[in-house]
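Participant: What follows is entry29.csv, made up of CSV, N, CA and C atoms:
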```csv
chain,number,residue,atom,x,y,z
A,18,MET,N,93.3,178.5,168.1
A,18,MET,CA,93.0,179.7,167.4
A,18,MET,C,93.8,179.7,166.1
A,19,GLU,N,93.1,180.2,165.1
A,19,GLU,CA,93.6,180.2,163.7
A,19,GLU,C,94.7,181.2,163.6
A,20,LYS,N,95.8,180.9,162.9
A,20,LYS,CA,96.9,181.8,162.7
A,20,LYS,C,96.8,182.3,161.2
A,21,PHE,N,97.0,183.6,161.1
A,21,PHE,CA,97.0,184.2,159.7
A,21,PHE,C,98.3,184.9,159.4
A,22,GLU,N,98.6,184.9,158.1
A,22,GLU,CA,99.9,185.5,157.7
A,22,GLU,C,99.6,186.4,156.5
A,23,PHE,N,100.1,187.6,156.5
A,23,PHE,CA,100.0,188.5,155.4
A,23,PHE,C,101.3,188.5,154.6
A,24,VAL,N,101.2,188.1,153.4
A,24,VAL,CA,102.4,188.0,152.5
A,24,VAL,C,102.2,188.9,151.3
A,25,LYS,N,103.3,189.3,150.8
A,25,LYS,CA,103.2,190.1,149.6
A,25,LYS,C,102.5,189.4,148.5
A,26,MET,N,101.5,190.1,147.9
A,26,MET,CA,100.7,189.5,146.8
A,26,MET,C,101.6,189.2,145.6
A,27,GLU,N,101.5,188.0,145.2
A,27,GLU,CA,102.4,187.5,144.1
A,27,GLU,C,101.5,186.9,143.0
A,28,PRO,N,102.1,186.8,141.8
A,28,PRO,CA,101.3,186.3,140.6
A,28,PRO,C,100.7,184.9,140.9
A,29,ASP,N,101.4,184.0,141.7
A,29,ASP,CA,100.9,182.7,141.9
A,29,ASP,C,99.7,182.7,142.8
A,30,HIS,N,99.3,183.8,143.4
A,30,HIS,CA,98.1,183.9,144.2
A,30,HIS,C,96.8,184.2,143.3
A,31,GLY,N,97.0,184.4,142.1
A,31,GLY,CA,95.9,184.9,141.2
A,31,GLY,C,94.7,184.1,141.2
A,32,LYS,N,94.8,182.8,141.0
A,32,LYS,CA,93.6,181.9,140.9
A,32,LYS,C,92.7,182.1,142.2
A,33,GLU,N,93.3,182.0,143.4
A,33,GLU,CA,92.6,182.0,144.6
A,33,GLU,C,92.0,183.4,144.9
A,34,VAL,N,92.8,184.4,144.6
A,34,VAL,CA,92.4,185.8,144.8
A,34,VAL,C,91.1,186.1,143.9
A,35,MET,N,91.2,185.7,142.7
A,35,MET,CA,90.1,185.9,141.8
A,35,MET,C,88.8,185.1,142.1
A,36,GLU,N,89.0,183.9,142.7
A,36,GLU,CA,87.9,183.1,143.2
A,36,GLU,C,87.2,183.9,144.3
A,37,ILE,N,87.9,184.5,145.2
A,37,ILE,CA,87.4,185.3,146.3
A,37,ILE,C,86.7,186.5,145.8
A,38,PHE,N,87.4,187.2,144.9
A,38,PHE,CA,86.8,188.4,144.3
A,38,PHE,C,85.5,188.1,143.6
A,39,ASN,N,85.5,187.1,142.8
A,39,ASN,CA,84.3,186.7,142.0
A,39,ASN,C,83.2,186.3,142.9
A,40,TYR,N,83.4,185.7,144.0
A,40,TYR,CA,82.4,185.3,144.9
A,40,TYR,C,81.6,186.6,145.3
A,41,TYR,N,82.3,187.7,145.6
A,41,TYR,CA,81.7,188.9,146.0
A,41,TYR,C,81.0,189.6,144.9
A,42,ILE,N,81.6,189.5,143.7
A,42,ILE,CA,80.9,190.0,142.5
A,42,ILE,C,79.6,189.3,142.3
A,43,GLU,N,79.5,188.0,142.4
A,43,GLU,CA,78.3,187.3,142.2
A,43,GLU,C,77.3,187.3,143.3
A,44,THR,N,77.7,187.6,144.5
A,44,THR,CA,76.7,187.4,145.6
A,44,THR,C,76.4,188.7,146.4
A,45,THR,N,77.2,189.8,146.2
A,45,THR,CA,77.0,191.0,147.0
A,45,THR,C,77.1,192.2,146.1
A,46,ASN,N,77.0,193.4,146.7
A,46,ASN,CA,77.2,194.7,146.1
A,46,ASN,C,78.6,195.2,146.5
A,47,ALA,N,79.4,194.5,147.2
A,47,ALA,CA,80.6,195.0,147.7
A,47,ALA,C,81.7,195.1,146.6
A,48,ALA,N,81.6,194.3,145.5
A,48,ALA,CA,82.5,194.4,144.4
A,48,ALA,C,81.7,194.9,143.2
A,49,TYR,N,82.3,195.9,142.5
A,49,TYR,CA,81.5,196.6,141.5
A,49,TYR,C,81.3,196.0,140.1
A,50,PRO,N,82.2,195.1,139.6
A,50,PRO,CA,81.9,194.5,138.3
A,50,PRO,C,80.6,193.8,138.4
A,51,GLN,N,79.9,193.8,137.2
A,51,GLN,CA,78.6,193.1,137.2
A,51,GLN,C,78.7,191.6,136.8
A,52,GLN,N,79.8,191.2,136.3
A,52,GLN,CA,80.0,189.8,135.9
A,52,GLN,C,81.3,189.3,136.5
A,53,PRO,N,81.4,188.0,136.8
A,53,PRO,CA,82.7,187.5,137.2
A,53,PRO,C,83.8,187.8,136.2
A,54,LEU,N,85.0,188.0,136.8
A,54,LEU,CA,86.2,188.3,135.9
A,54,LEU,C,87.0,187.1,135.7
A,55,PRO,N,87.7,187.1,134.6
A,55,PRO,CA,88.6,185.9,134.3
A,55,PRO,C,89.8,186.0,135.2
A,56,GLU,N,90.5,184.9,135.4
A,56,GLU,CA,91.7,184.8,136.3
A,56,GLU,C,92.7,185.8,135.7
A,57,ALA,N,92.8,186.0,134.4
A,57,ALA,CA,93.8,187.0,133.9
A,57,ALA,C,93.6,188.4,134.4
A,58,PHE,N,92.4,188.7,134.9
A,58,PHE,CA,92.2,190.1,135.5
A,58,PHE,C,93.2,190.3,136.7
A,59,PHE,N,93.7,189.3,137.3
A,59,PHE,CA,94.6,189.4,138.4
A,59,PHE,C,95.8,190.2,138.0
A,60,GLY,N,96.2,190.1,136.7
A,60,GLY,CA,97.4,190.9,136.2
A,60,GLY,C,97.1,192.4,136.3
A,61,LYS,N,95.8,192.8,136.0
A,61,LYS,CA,95.4,194.2,136.2
A,61,LYS,C,95.5,194.6,137.6
A,62,LEU,N,95.1,193.7,138.6
A,62,LEU,CA,95.2,194.1,140.0
A,62,LEU,C,96.7,194.3,140.4
A,63,MET,N,97.5,193.4,139.9
A,63,MET,CA,99.0,193.6,140.1
A,63,MET,C,99.5,194.9,139.6
A,64,ASP,N,99.0,195.3,138.4
A,64,ASP,CA,99.4,196.5,137.8
A,64,ASP,C,98.9,197.7,138.6
A,65,MET,N,97.6,197.7,139.0
A,65,MET,CA,97.0,198.8,139.7
A,65,MET,C,97.7,199.0,141.1
A,66,THR,N,98.3,198.0,141.6
A,66,THR,CA,98.9,198.1,143.0
A,66,THR,C,100.4,198.3,142.9
A,67,ALA,N,101.0,198.4,141.7
A,67,ALA,CA,102.4,198.5,141.6
A,67,ALA,C,102.9,199.7,142.4
A,68,GLY,N,103.8,199.5,143.3
A,68,GLY,CA,104.4,200.5,144.2
A,68,GLY,C,103.6,200.8,145.4
A,69,TYR,N,102.5,200.0,145.6
A,69,TYR,CA,101.6,200.2,146.8
A,69,TYR,C,101.6,198.9,147.6
A,70,PRO,N,101.3,198.9,148.8
A,70,PRO,CA,101.3,197.6,149.6
A,70,PRO,C,100.1,196.8,149.1
A,71,ALA,N,100.4,195.5,148.9
A,71,ALA,CA,99.3,194.5,148.5
A,71,ALA,C,99.7,193.2,149.1
A,72,PHE,N,98.7,192.6,149.8
A,72,PHE,CA,99.0,191.4,150.5
A,72,PHE,C,97.9,190.3,150.2
A,73,THR,N,98.4,189.1,150.3
A,73,THR,CA,97.5,188.0,150.3
A,73,THR,C,97.5,187.4,151.7
A,74,ILE,N,96.3,187.1,152.2
A,74,ILE,CA,96.1,186.6,153.5
A,74,ILE,C,96.1,185.1,153.5
A,75,LEU,N,97.0,184.5,154.3
A,75,LEU,CA,97.1,183.0,154.3
A,75,LEU,C,96.7,182.4,155.6
A,76,SER,N,96.1,181.2,155.6
A,76,SER,CA,95.9,180.4,156.8
A,76,SER,C,96.4,179.0,156.4
A,77,ASP,N,97.4,178.5,157.1
A,77,ASP,CA,97.9,177.2,156.8
A,77,ASP,C,98.3,177.1,155.3
A,78,LYS,N,98.9,178.2,154.8
A,78,LYS,CA,99.4,178.3,153.4
A,78,LYS,C,98.3,178.3,152.4
A,79,LYS,N,97.0,178.5,152.8
A,79,LYS,CA,95.9,178.6,152.0
A,79,LYS,C,95.4,180.0,151.9
A,80,VAL,N,95.1,180.5,150.7
A,80,VAL,CA,94.7,181.9,150.5
A,80,VAL,C,93.2,182.0,151.0
A,81,VAL,N,93.1,183.0,152.0
A,81,VAL,CA,91.8,183.2,152.6
A,81,VAL,C,91.3,184.6,152.4
A,82,GLY,N,92.1,185.5,151.8
A,82,GLY,CA,91.7,186.8,151.5
A,82,GLY,C,92.9,187.6,150.9
A,83,PHE,N,92.6,188.9,150.6
A,83,PHE,CA,93.6,189.8,150.1
A,83,PHE,C,93.3,191.2,150.4
A,84,CYS,N,94.3,192.0,150.4
A,84,CYS,CA,94.1,193.5,150.7
A,84,CYS,C,95.2,194.3,150.0
A,85,PHE,N,94.8,195.5,149.6
A,85,PHE,CA,95.8,196.3,149.0
A,85,PHE,C,95.4,197.8,149.0
A,86,LEU,N,96.3,198.6,148.7
A,86,LEU,CA,96.1,200.1,148.5
A,86,LEU,C,96.4,200.3,147.0
A,87,LYS,N,95.7,201.2,146.4
A,87,LYS,CA,96.0,201.6,145.0
A,87,LYS,C,95.8,203.1,144.9
A,88,PRO,N,96.3,203.7,143.8
A,88,PRO,CA,96.2,205.1,143.7
A,88,PRO,C,94.7,205.5,143.7
A,89,HIS,N,94.4,206.6,144.4
A,89,HIS,CA,93.0,207.0,144.4
A,89,HIS,C,92.7,207.8,143.1
A,90,ASN,N,93.6,208.5,142.6
A,90,ASN,CA,93.5,209.4,141.5
A,90,ASN,C,94.9,209.6,140.9
A,91,PRO,N,95.0,209.5,139.5
A,91,PRO,CA,96.3,209.6,138.9
A,91,PRO,C,96.9,211.0,139.0
A,92,LEU,N,96.2,212.0,139.3
A,92,LEU,CA,96.7,213.4,139.3
A,92,LEU,C,97.7,213.6,140.4
A,93,PRO,N,98.8,214.3,140.2
A,93,PRO,CA,99.8,214.5,141.3
A,93,PRO,C,99.2,215.1,142.6
A,94,THR,N,98.1,215.9,142.5
A,94,THR,CA,97.5,216.5,143.7
A,94,THR,C,97.1,215.4,144.7
A,95,PHE,N,96.7,214.2,144.2
A,95,PHE,CA,96.2,213.2,145.0
A,95,PHE,C,97.2,212.1,145.4
A,96,ARG,N,98.5,212.4,145.2
A,96,ARG,CA,99.5,211.4,145.4
A,96,ARG,C,99.6,210.9,146.9
A,97,ARG,N,99.1,211.7,147.8
A,97,ARG,CA,99.2,211.3,149.2
A,97,ARG,C,97.9,210.5,149.7
A,98,SER,N,97.0,210.3,148.7
A,98,SER,CA,95.8,209.5,149.0
A,98,SER,C,95.7,208.2,148.2
A,99,ALA,N,95.3,207.2,148.9
A,99,ALA,CA,95.1,205.9,148.3
A,99,ALA,C,93.8,205.3,148.6
A,100,GLU,N,93.3,204.4,147.8
A,100,GLU,CA,92.1,203.7,148.0
A,100,GLU,C,92.4,202.3,148.5
A,101,ILE,N,91.6,201.9,149.5
A,101,ILE,CA,91.8,200.6,150.1
A,101,ILE,C,90.8,199.6,149.5
A,102,THR,N,91.2,198.3,149.4
A,102,THR,CA,90.4,197.3,149.0
A,102,THR,C,90.8,196.0,149.8
A,103,TYR,N,89.8,195.3,150.3
A,103,TYR,CA,90.1,194.0,150.9
A,103,TYR,C,88.8,193.1,150.8
A,104,PHE,N,89.1,191.9,150.6
A,104,PHE,CA,88.0,190.9,150.5
A,104,PHE,C,88.5,189.6,151.3
A,105,ILE,N,87.6,189.1,152.1
A,105,ILE,CA,88.0,187.9,152.9
A,105,ILE,C,87.0,186.7,152.5
A,106,LYS,N,87.6,185.6,152.3
A,106,LYS,CA,86.8,184.4,152.0
A,106,LYS,C,85.7,184.3,153.0
A,107,LYS,N,84.5,184.0,152.5
A,107,LYS,CA,83.3,184.0,153.3
A,107,LYS,C,83.4,183.2,154.7
A,108,GLU,N,84.1,182.1,154.6
A,108,GLU,CA,84.2,181.2,155.8
A,108,GLU,C,85.1,181.9,156.9
A,109,TYR,N,85.9,182.9,156.5
A,109,TYR,CA,86.8,183.5,157.4
A,109,TYR,C,86.4,184.9,157.8
A,110,THR,N,85.2,185.3,157.5
A,110,THR,CA,84.7,186.6,157.9
A,110,THR,C,84.3,186.5,159.4
A,111,GLY,N,84.4,187.7,160.1
A,111,GLY,CA,84.0,187.7,161.5
A,111,GLY,C,85.1,187.2,162.4
A,112,MET,N,86.3,187.1,161.9
A,112,MET,CA,87.5,186.6,162.6
A,112,MET,C,88.5,187.8,162.9
A,113,GLY,N,88.1,189.0,162.5
A,113,GLY,CA,89.0,190.1,162.7
A,113,GLY,C,90.0,190.3,161.5
A,114,LEU,N,89.9,189.6,160.4
A,114,LEU,CA,90.8,189.8,159.3
A,114,LEU,C,90.7,191.2,158.7
A,115,GLY,N,89.5,191.7,158.6
A,115,GLY,CA,89.3,193.0,158.0
A,115,GLY,C,90.0,194.1,158.8
A,116,LYS,N,90.0,194.0,160.1
A,116,LYS,CA,90.7,194.9,161.0
A,116,LYS,C,92.2,194.7,160.8
A,117,MET,N,92.6,193.5,160.8
A,117,MET,CA,94.1,193.2,160.6
A,117,MET,C,94.5,193.8,159.2
A,118,ALA,N,93.7,193.6,158.2
A,118,ALA,CA,94.1,194.2,156.9
A,118,ALA,C,94.2,195.7,156.9
A,119,LEU,N,93.2,196.3,157.6
A,119,LEU,CA,93.3,197.8,157.7
A,119,LEU,C,94.5,198.2,158.5
A,120,ASP,N,94.8,197.5,159.6
A,120,ASP,CA,95.9,197.9,160.4
A,120,ASP,C,97.3,197.8,159.6
A,121,ILE,N,97.4,196.7,158.9
A,121,ILE,CA,98.7,196.5,158.1
A,121,ILE,C,98.8,197.6,157.0
A,122,LEU,N,97.7,197.9,156.4
A,122,LEU,CA,97.8,198.9,155.3
A,122,LEU,C,98.0,200.3,155.9
A,123,GLU,N,97.4,200.6,157.0
A,123,GLU,CA,97.7,201.8,157.7
A,123,GLU,C,99.2,202.0,158.1
A,124,GLN,N,99.8,200.9,158.5
A,124,GLN,CA,101.2,200.9,158.9
A,124,GLN,C,102.1,201.1,157.6
A,125,GLU,N,101.7,200.5,156.5
A,125,GLU,CA,102.5,200.5,155.3
A,125,GLU,C,102.3,201.8,154.5
A,126,ALA,N,101.2,202.5,154.6
A,126,ALA,CA,100.9,203.7,153.8
A,126,ALA,C,101.9,204.8,154.0
A,127,PRO,N,102.3,205.2,155.2
A,127,PRO,CA,103.3,206.3,155.3
A,127,PRO,C,104.6,206.0,154.7
A,128,LYS,N,105.0,204.7,154.6
A,128,LYS,CA,106.2,204.3,153.9
A,128,LYS,C,106.3,204.7,152.5
A,129,ILE,N,105.1,204.9,151.8
A,129,ILE,CA,105.1,205.3,150.4
A,129,ILE,C,104.5,206.7,150.3
A,130,GLY,N,104.4,207.4,151.4
A,130,GLY,CA,104.0,208.8,151.3
A,130,GLY,C,102.5,209.0,151.4
A,131,VAL,N,101.7,208.0,151.6
A,131,VAL,CA,100.2,208.1,151.7
A,131,VAL,C,99.8,208.5,153.1
A,132,ARG,N,99.0,209.6,153.2
A,132,ARG,CA,98.5,210.0,154.4
A,132,ARG,C,97.0,209.8,154.6
A,133,ASN,N,96.3,209.6,153.5
A,133,ASN,CA,94.9,209.5,153.5
A,133,ASN,C,94.5,208.2,152.8
A,134,ILE,N,93.7,207.4,153.5
A,134,ILE,CA,93.2,206.1,152.9
A,134,ILE,C,91.7,206.3,152.8
A,135,LEU,N,91.2,206.1,151.6
A,135,LEU,CA,89.8,206.2,151.3
A,135,LEU,C,89.2,204.9,150.9
A,136,ALA,N,87.9,204.7,151.2
A,136,ALA,CA,87.2,203.5,150.9
A,136,ALA,C,86.1,203.8,150.0
A,137,SER,N,85.8,203.0,149.0
A,137,SER,CA,84.7,203.2,148.1
A,137,SER,C,83.7,202.1,148.5
A,138,ILE,N,82.5,202.5,149.0
A,138,ILE,CA,81.5,201.6,149.5
A,138,ILE,C,80.2,201.8,148.8
A,139,SER,N,79.6,200.8,148.3
A,139,SER,CA,78.3,200.8,147.7
A,139,SER,C,77.3,201.2,148.7
A,140,GLY,N,76.3,202.0,148.3
A,140,GLY,CA,75.2,202.4,149.2
A,140,GLY,C,74.4,201.2,149.6
A,141,ASP,N,74.4,200.1,148.8
A,141,ASP,CA,73.7,198.9,149.1
A,141,ASP,C,74.4,197.9,150.0
A,142,ASN,N,75.7,198.3,150.3
A,142,ASN,CA,76.5,197.4,151.0
A,142,ASN,C,76.4,197.7,152.5
A,143,GLU,N,75.8,196.8,153.3
A,143,GLU,CA,75.7,197.0,154.7
A,143,GLU,C,77.0,197.1,155.4
```
What would you get if you wrote out this structure as structure tokens?

Facilitator:
Amino acid sequence: MEKFEFVKMEPDHGKEVMEIFNYYIETTNAAYPQQPLPEAFFGKLMDMTAGYPAFTILSDKKVVGFCFLKPHNPLPTFRRSAEITYFIKKEYTGMGLGKMALDILEQEAPKIGVRNILASISGDNE
């Protein structure tokens, strides 16, 4: 059975995270950009998730996915709400990683005062 590890997302995960994200941009409606993003966009992801839980998912020290919470809305009224994002490398889907990602983010959310986790899902995304 494959063993997975959730580690804090770090700058050196950028290339692999962006490869996974760009796969979903190019082949599905699950990611919203219309064109693949450069590796440098990973810095924006790091900025968006500052102060929020963000993890890279590893299997045998290889990046197979990522997940994070980010602010849902910058207004103080929404400070207890966060938006969830996670993407899993195609070959690793169907192994329960999405559920594991949700579970770990649900455990971490209260530690930063988040009580509501929202998902943004395209109407075309099954």

Participant: When you count only C-alpha atoms, which of these residues is closest to Ala57 of chain A: A:Met35, A:Tyr41, A:Tyr69, A:Lys107?

Facilitator: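 Of A:Met35, A:Tyr41, A:Tyr69, A:Lys107, the one nearest Ala57 of chain A, counting only C-alpha atoms, is A:Met35.
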
Participant: Let's see if you can do this: from backbone DSSP, list all helix (DSSP H, G or I) residues in chain A, as number ranges by chain.

Facilitator: A: 28-44, 58-65, 93-95, 107-109, 114-129

Participant: Please, what distance in Å, to one decimal, runs between atom C of Pro50 of chain A and atom N of Gly113 of chain A?

Facilitator: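 Atom N of Gly113 of chain A lies 25.7 Å from atom C of Pro50 of chain A.
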
Participant: Per residue of segment 63-103 of chain A within 8 Å of segment 116-120 of chain A, record the nearest atom pair and its distance in Å to one decimal, counting all atoms listed in the file, with rows in chain order and ascending residue number, as a Markdown table.

Facilitator:
```
| residue | atom | partner | partner_atom | distance |
| --- | --- | --- | --- | --- |
| A:Phe83 | C | A:Ala118 | CA | 7.2 |
| A:Cys84 | CA | A:Ala118 | CA | 6.2 |
| A:Phe85 | N | A:Ala118 | C | 7.3 |
| A:Thr102 | C | A:Ala118 | C | 7.9 |
| A:Tyr103 | CA | A:Ala118 | CA | 7.2 |
```

Participant: What does the structure give for the distance between atom N of Ser98 of chain A and atom CA of Gly68 of chain A, in Å to one decimal?

Facilitator: 13.1 Å

Participant: In Å, with one decimal, what is the gap from atom CA of Ile129 of chain A to atom CA of Arg96 of chain A?

Facilitator: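 These two atoms are separated by 9.7 Å.
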
Participant: Between A:Phe104, A:Phe95, A:Tyr109, A:Phe59, which has the minimum distance to Ile37 of chain A (counting only C-alpha atoms)?

Facilitator: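 Selected residue with least distance to Ile37 of chain A: A:Phe104.
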
Participant: Excluding Pro53 of chain A and any residue of its chain fewer than 3 positions from it, enumerate the residues within 6 Å of it, using all atoms listed in the file, and give them as a PyMOL selection string.

Facilitator: chain A and resi 39+42-43

Participant: According to DSSP computed on the backbone, where in chain A is there strand (DSSP E or B)? Give the residues as an MDAnalysis selection string.

Facilitator: chainID A and resid 22:25 71:76 79:88 98:105 133:136

Participant: Using only N, CA and C atoms, can you tell me which of A:Leu135, A:Val24, A:Glu19, A:Glu33 comes closest to Asp77 of chain A?

Facilitator: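 Checking each candidate against Asp77 of chain A, we get A:Glu19 as the closest.
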
Participant: Given the point (92.7, 184.1, 156.0) in the file's coordinates, find the residues that have an atom at most 7 Å from it, counting only N, CA and C atoms, and give them as a PyMOL selection string.

Facilitator: chain A and resi 20-22+74-76+79-82+105-106+109+114

Participant: How would you write as a PyMOL selection string the residues that get within 7 Å of (92.9, 200.5, 147.6) in the file's frame, counting only C-alpha atoms?

Facilitator: chain A and resi 85-88+99-102

Participant: Start from the incomplete input, build N, CA, C and O atoms for segment 87-105 of chain A, and deliver everything as a PDB file, keeping the file's coordinate frame.

Facilitator:
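What landed in rebuild-v2.pdb:
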```pdb
ATOM      1  N   LYS A  87      95.700 201.200 146.400  1.00  0.00           N
ATOM      2  CA  LYS A  87      96.000 201.600 145.000  1.00  0.00           C
ATOM      3  C   LYS A  87      95.800 203.100 144.900  1.00  0.00           C
ATOM      4  O   LYS A  87      95.199 203.711 145.767  1.00  0.00           O
ATOM      5  N   PRO A  88      96.300 203.700 143.800  1.00  0.00           N
ATOM      6  CA  PRO A  88      96.200 205.100 143.700  1.00  0.00           C
ATOM      7  C   PRO A  88      94.700 205.500 143.700  1.00  0.00           C
ATOM      8  O   PRO A  88      93.873 204.848 143.030  1.00  0.00           O
ATOM      9  N   HIS A  89      94.400 206.600 144.400  1.00  0.00           N
ATOM     10  CA  HIS A  89      93.000 207.000 144.400  1.00  0.00           C
ATOM     11  C   HIS A  89      92.700 207.800 143.100  1.00  0.00           C
ATOM     12  O   HIS A  89      91.583 207.652 142.549  1.00  0.00           O
ATOM     13  N   ASN A  90      93.600 208.500 142.600  1.00  0.00           N
ATOM     14  CA  ASN A  90      93.500 209.400 141.500  1.00  0.00           C
ATOM     15  C   ASN A  90      94.900 209.600 140.900  1.00  0.00           C
ATOM     16  O   ASN A  90      95.816 209.790 141.594  1.00  0.00           O
ATOM     17  N   PRO A  91      95.000 209.500 139.500  1.00  0.00           N
ATOM     18  CA  PRO A  91      96.300 209.600 138.900  1.00  0.00           C
ATOM     19  C   PRO A  91      96.900 211.000 139.000  1.00  0.00           C
ATOM     20  O   PRO A  91      98.136 211.179 138.738  1.00  0.00           O
ATOM     21  N   LEU A  92      96.200 212.000 139.300  1.00  0.00           N
ATOM     22  CA  LEU A  92      96.700 213.400 139.300  1.00  0.00           C
ATOM     23  C   LEU A  92      97.700 213.600 140.400  1.00  0.00           C
ATOM     24  O   LEU A  92      97.393 213.100 141.549  1.00  0.00           O
ATOM     25  N   PRO A  93      98.800 214.300 140.200  1.00  0.00           N
ATOM     26  CA  PRO A  93      99.800 214.500 141.300  1.00  0.00           C
ATOM     27  C   PRO A  93      99.200 215.100 142.600  1.00  0.00           C
ATOM     28  O   PRO A  93      99.673 214.778 143.677  1.00  0.00           O
ATOM     29  N   THR A  94      98.100 215.900 142.500  1.00  0.00           N
ATOM     30  CA  THR A  94      97.500 216.500 143.700  1.00  0.00           C
ATOM     31  C   THR A  94      97.100 215.400 144.700  1.00  0.00           C
ATOM     32  O   THR A  94      97.032 215.687 145.855  1.00  0.00           O
ATOM     33  N   PHE A  95      96.700 214.200 144.200  1.00  0.00           N
ATOM     34  CA  PHE A  95      96.200 213.200 145.000  1.00  0.00           C
ATOM     35  C   PHE A  95      97.200 212.100 145.400  1.00  0.00           C
ATOM     36  O   PHE A  95      96.857 211.074 145.919  1.00  0.00           O
ATOM     37  N   ARG A  96      98.500 212.400 145.200  1.00  0.00           N
ATOM     38  CA  ARG A  96      99.500 211.400 145.400  1.00  0.00           C
ATOM     39  C   ARG A  96      99.600 210.900 146.900  1.00  0.00           C
ATOM     40  O   ARG A  96     100.120 209.812 147.141  1.00  0.00           O
ATOM     41  N   ARG A  97      99.100 211.700 147.800  1.00  0.00           N
ATOM     42  CA  ARG A  97      99.200 211.300 149.200  1.00  0.00           C
ATOM     43  C   ARG A  97      97.900 210.500 149.700  1.00  0.00           C
ATOM     44  O   ARG A  97      97.709 210.223 150.821  1.00  0.00           O
ATOM     45  N   SER A  98      97.000 210.300 148.700  1.00  0.00           N
ATOM     46  CA  SER A  98      95.800 209.500 149.000  1.00  0.00           C
ATOM     47  C   SER A  98      95.700 208.200 148.200  1.00  0.00           C
ATOM     48  O   SER A  98      96.170 208.152 147.080  1.00  0.00           O
ATOM     49  N   ALA A  99      95.300 207.200 148.900  1.00  0.00           N
ATOM     50  CA  ALA A  99      95.100 205.900 148.300  1.00  0.00           C
ATOM     51  C   ALA A  99      93.800 205.300 148.600  1.00  0.00           C
ATOM     52  O   ALA A  99      93.151 205.661 149.615  1.00  0.00           O
ATOM     53  N   GLU A 100      93.300 204.400 147.800  1.00  0.00           N
ATOM     54  CA  GLU A 100      92.100 203.700 148.000  1.00  0.00           C
ATOM     55  C   GLU A 100      92.400 202.300 148.500  1.00  0.00           C
ATOM     56  O   GLU A 100      93.241 201.599 148.022  1.00  0.00           O
ATOM     57  N   ILE A 101      91.600 201.900 149.500  1.00  0.00           N
ATOM     58  CA  ILE A 101      91.800 200.600 150.100  1.00  0.00           C
ATOM     59  C   ILE A 101      90.800 199.600 149.500  1.00  0.00           C
ATOM     60  O   ILE A 101      89.648 199.937 149.225  1.00  0.00           O
ATOM     61  N   THR A 102      91.200 198.300 149.400  1.00  0.00           N
ATOM     62  CA  THR A 102      90.400 197.300 149.000  1.00  0.00           C
ATOM     63  C   THR A 102      90.800 196.000 149.800  1.00  0.00           C
ATOM     64  O   THR A 102      91.960 195.764 149.930  1.00  0.00           O
ATOM     65  N   TYR A 103      89.800 195.300 150.300  1.00  0.00           N
ATOM     66  CA  TYR A 103      90.100 194.000 150.900  1.00  0.00           C
ATOM     67  C   TYR A 103      88.800 193.100 150.800  1.00  0.00           C
ATOM     68  O   TYR A 103      87.712 193.604 150.913  1.00  0.00           O
ATOM     69  N   PHE A 104      89.100 191.900 150.600  1.00  0.00           N
ATOM     70  CA  PHE A 104      88.000 190.900 150.500  1.00  0.00           C
ATOM     71  C   PHE A 104      88.500 189.600 151.300  1.00  0.00           C
ATOM     72  O   PHE A 104      89.667 189.201 151.075  1.00  0.00           O
ATOM     73  N   ILE A 105      87.600 189.100 152.100  1.00  0.00           N
ATOM     74  CA  ILE A 105      88.000 187.900 152.900  1.00  0.00           C
ATOM     75  C   ILE A 105      87.000 186.700 152.500  1.00  0.00           C
ATOM     76  O   ILE A 105      85.829 186.935 152.264  1.00  0.00           O
TER      77      ILE A 105
END
```
